[in-house]
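The structure appears below as structure tokens.
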Amino acid sequence: MANRSISTRIYERLVRHPAPRQKADMAPEAQAGIPGNFVILLISQFLVQLGDAVSNPKIILPWIMGSVGAPLYQLGFLVPIREAGSLLPQLLIAEWVSRYRLRKWFWVFGSLFQSLAIAGIGLVAWHASGALAGWLIIALLSAFSLARGLSSTASKDVLGKTIPKSQRGEVNGWSASFSGLITLVMGAILLLHNGHPLEAPSYGYLILMASLLWAAAALVFIRIRELPGETRKPHNVMQSLLQRSRILITDKPFRRFVITRSLLLCSALTAPYYVALAQQLLGNPLQLLGMFVLASGAASLVSGPVWGKFADVSSAAVMAVGSFIAAGLGFLVCLLAWLRPDWLALPWLLPLCYFFLSIAHQGVRIGRKTYVVDMAEGNLRTDYVAVSNTIIGAVLLLVGGLGALAGLINLNGIILMLSTAGLMGAVMASCLRK
């Protein structure tokens, strides 16, 4: 009873207490478990998001690749593999997951596998170097991404079964804020570091510590009180894939969401180019890494709860506003590169832009996660998540190839192209069904 009382008090402090009609989308027997499930989801997502921050493929992993002497061309694989690897196989994963009445165990096993893969990257930083280390890190990142896809498919279904619509955005928002606070501290430590640059083994310790966060999240998630849901009988795999994919043709609102989400990728894909531009202008001091980590953590801290509450009012509007901000920042950076390139060489300017870009990305991320969970119930929700993630995975691989254009188009040109797509996505998001 004591644990339940603590959960209830935390829940009532963080969430606007819902009126009975706001719980209408929940089964009566599930409503008693809402406070405890809210806190468990909050803690597990906090641990995962903190792990993501400590092993960030946009900031931390490139630095590790550099510290082990991996070739520069391998850096271009990090973000597409991290994201697309978890998204592309989700149609197959969804076919498997939908056969079971309880979905939380898929999240638990996925989180444990992610922990093992991240620990492997830490060991590589200790014992390998050069191109071999780079390929090993990429291979382990691929395994991590596949496990992440398993957790992702299950997580949205569990969230939809355990938390009412009016509070789902707040789970994502508060967890992002709490993880941002810890990331802020890590960035401050790096910023104030006055010694010699860290060696590869030191980064290995950092990544091994991050791996423990996924293991801890799995142990916490086991305590979720999930009611058995509907199942789908096994089908021929190809027939099932075709049947699920058909909703792109027959379901117009869902199709518009997928197109919009594809355009909104600009908020994630432009981030590494801000870091690369800063390294191009300022070199690779550890303090610069600290400033970018600090910016990322501060953005999550201040924006997470705001976006979460906003998403529970209108998740489509959150996506639109976040993408407008991301696109506007990209246009500003390109304008400065054209008119005042000396300003971009100021040590604080690009990290400041990255701070606002991270705020925008949090909005896009929280908005689209809340939107797709609220679109449907049961197996249809699982289908929506799986189909949209698979399509986005393919788009990521295609758009990720923009990095290869860096030899033909400068970094500013790539940022401009992505920001233009983001502006189009913001317009489409503003027209989505509320």
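So you can find residues: chains in the structure tokens are A, B, ... in the order shown, residues in each start at 1, and ligands are numbered from 1 in order.
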Long-range neighbours of A:Arg256 as a ChimeraX atom specification, 10 Å cut-off, only C-alpha atoms, 3 positions minimum in chain: /A:248,251-253,259-262,428-429,431-433
How would the residues just chosen look if you wrote them out with N, CA and C atoms as a CSV table (one decimal), in the first residue's frame?
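This is the output file out.csv:
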```csv
chain,number,residue,atom,x,y,z
A,248,LEU,N,-2.0,2.0,-45.8
A,248,LEU,CA,-1.5,3.2,-46.4
A,248,LEU,C,-2.4,3.7,-47.6
A,251,ASP,N,-6.5,4.0,-45.7
A,251,ASP,CA,-6.7,4.9,-44.5
A,251,ASP,C,-6.0,6.3,-44.8
A,252,LYS,N,-6.8,7.2,-45.3
A,252,LYS,CA,-6.3,8.5,-45.7
A,252,LYS,C,-5.7,9.3,-44.5
A,253,PRO,N,-6.3,9.4,-43.3
A,253,PRO,CA,-5.7,10.1,-42.2
A,253,PRO,C,-4.3,9.6,-41.8
A,259,ILE,N,3.2,10.7,-44.4
A,259,ILE,CA,3.9,11.7,-45.2
A,259,ILE,C,4.4,12.8,-44.4
A,260,THR,N,3.6,13.3,-43.5
A,260,THR,CA,4.0,14.4,-42.6
A,260,THR,C,5.2,14.0,-41.7
A,261,ARG,N,5.1,12.8,-41.2
A,261,ARG,CA,6.2,12.4,-40.3
A,261,ARG,C,7.5,12.3,-41.1
A,262,SER,N,7.4,11.9,-42.4
A,262,SER,CA,8.6,11.8,-43.2
A,262,SER,C,9.3,13.2,-43.4
A,428,MET,N,2.0,20.6,-43.3
A,428,MET,CA,1.1,19.4,-43.4
A,428,MET,C,0.6,19.1,-42.0
A,429,ALA,N,1.5,19.2,-41.0
A,429,ALA,CA,1.1,18.8,-39.6
A,429,ALA,C,0.0,19.7,-39.1
A,431,CYS,N,-2.4,20.8,-40.7
A,431,CYS,CA,-3.6,20.4,-41.4
A,431,CYS,C,-4.1,19.0,-41.0
A,432,LEU,N,-3.3,18.3,-40.1
A,432,LEU,CA,-3.7,17.0,-39.7
A,432,LEU,C,-5.0,17.0,-38.8
A,433,ARG,N,-5.7,15.9,-38.8
A,433,ARG,CA,-6.9,15.8,-38.0
A,433,ARG,C,-6.6,16.0,-36.5
```
Nearby residues (only C-alpha atoms) at most 8 Å from stretch 215-221 of chain A, same-chain spacing under 4 positions excluded, as an mmCIF file with N, CA and C atoms, in the first residue's frame:
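The new file around.cif reads:
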```cif
data_model
loop_
_atom_site.group_PDB
_atom_site.id
_atom_site.type_symbol
_atom_site.label_atom_id
_atom_site.label_comp_id
_atom_site.auth_asym_id
_atom_site.auth_seq_id
_atom_site.Cartn_x
_atom_site.Cartn_y
_atom_site.Cartn_z
ATOM 1 N N ILE A 40 5.712 4.008 -13.227
ATOM 2 C CA ILE A 40 6.618 2.995 -13.777
ATOM 3 C C ILE A 40 7.053 3.364 -15.193
ATOM 4 N N LEU A 41 6.090 3.793 -16.028
ATOM 5 C CA LEU A 41 6.432 4.228 -17.385
ATOM 6 C C LEU A 41 7.365 5.435 -17.354
ATOM 7 N N ILE A 43 9.555 6.280 -14.989
ATOM 8 C CA ILE A 43 10.902 5.887 -14.572
ATOM 9 C C ILE A 43 11.618 5.128 -15.687
ATOM 10 N N SER A 44 10.920 4.175 -16.308
ATOM 11 C CA SER A 44 11.573 3.369 -17.352
ATOM 12 C C SER A 44 11.946 4.226 -18.554
ATOM 13 N N GLN A 45 11.048 5.138 -18.963
ATOM 14 C CA GLN A 45 11.373 6.010 -20.087
ATOM 15 C C GLN A 45 12.484 6.995 -19.727
ATOM 16 N N LEU A 47 15.006 6.347 -17.719
ATOM 17 C CA LEU A 47 16.264 5.597 -17.791
ATOM 18 C C LEU A 47 16.694 5.385 -19.241
ATOM 19 N N VAL A 48 15.730 5.052 -20.111
ATOM 20 C CA VAL A 48 16.058 4.832 -21.522
ATOM 21 C C VAL A 48 16.515 6.129 -22.186
ATOM 22 N N LYS A 104 4.151 -6.340 -22.644
ATOM 23 C CA LYS A 104 5.232 -5.700 -21.895
ATOM 24 C C LYS A 104 6.531 -6.513 -21.936
ATOM 25 N N TRP A 107 8.958 -5.499 -24.564
ATOM 26 C CA TRP A 107 9.712 -4.296 -24.191
ATOM 27 C C TRP A 107 10.869 -4.664 -23.265
ATOM 28 N N VAL A 108 10.597 -5.530 -22.294
ATOM 29 C CA VAL A 108 11.618 -5.925 -21.322
ATOM 30 C C VAL A 108 12.793 -6.611 -22.009
ATOM 31 N N PHE A 109 12.513 -7.607 -22.857
ATOM 32 C CA PHE A 109 13.587 -8.332 -23.535
ATOM 33 C C PHE A 109 14.340 -7.404 -24.495
ATOM 34 N N SER A 111 14.815 -4.207 -24.138
ATOM 35 C CA SER A 111 15.675 -3.333 -23.346
ATOM 36 C C SER A 111 16.929 -4.064 -22.855
ATOM 37 N N LEU A 112 16.782 -5.329 -22.477
ATOM 38 C CA LEU A 112 17.952 -6.110 -22.040
ATOM 39 C C LEU A 112 18.940 -6.311 -23.187
ATOM 40 N N SER A 115 20.877 -3.205 -23.753
ATOM 41 C CA SER A 115 21.918 -3.067 -22.738
ATOM 42 C C SER A 115 23.181 -3.836 -23.131
ATOM 43 N N SER A 211 24.977 1.395 -20.498
ATOM 44 C CA SER A 211 24.323 0.103 -20.735
ATOM 45 C C SER A 211 23.521 -0.358 -19.529
#
```
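Shortest atom-to-atom contact with A:Trp126 among A:Met291, A:Val68, A:Ala84, A:Ala317: A:Val68, counting only C-alpha atoms.
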Just to confirm, what's the straight-line distance from atom CA of A:Arg365 to atom CA of A:Leu423 in Å (one decimal)?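 Atom CA of A:Arg365 sits 15.8 Å away from atom CA of A:Leu423.
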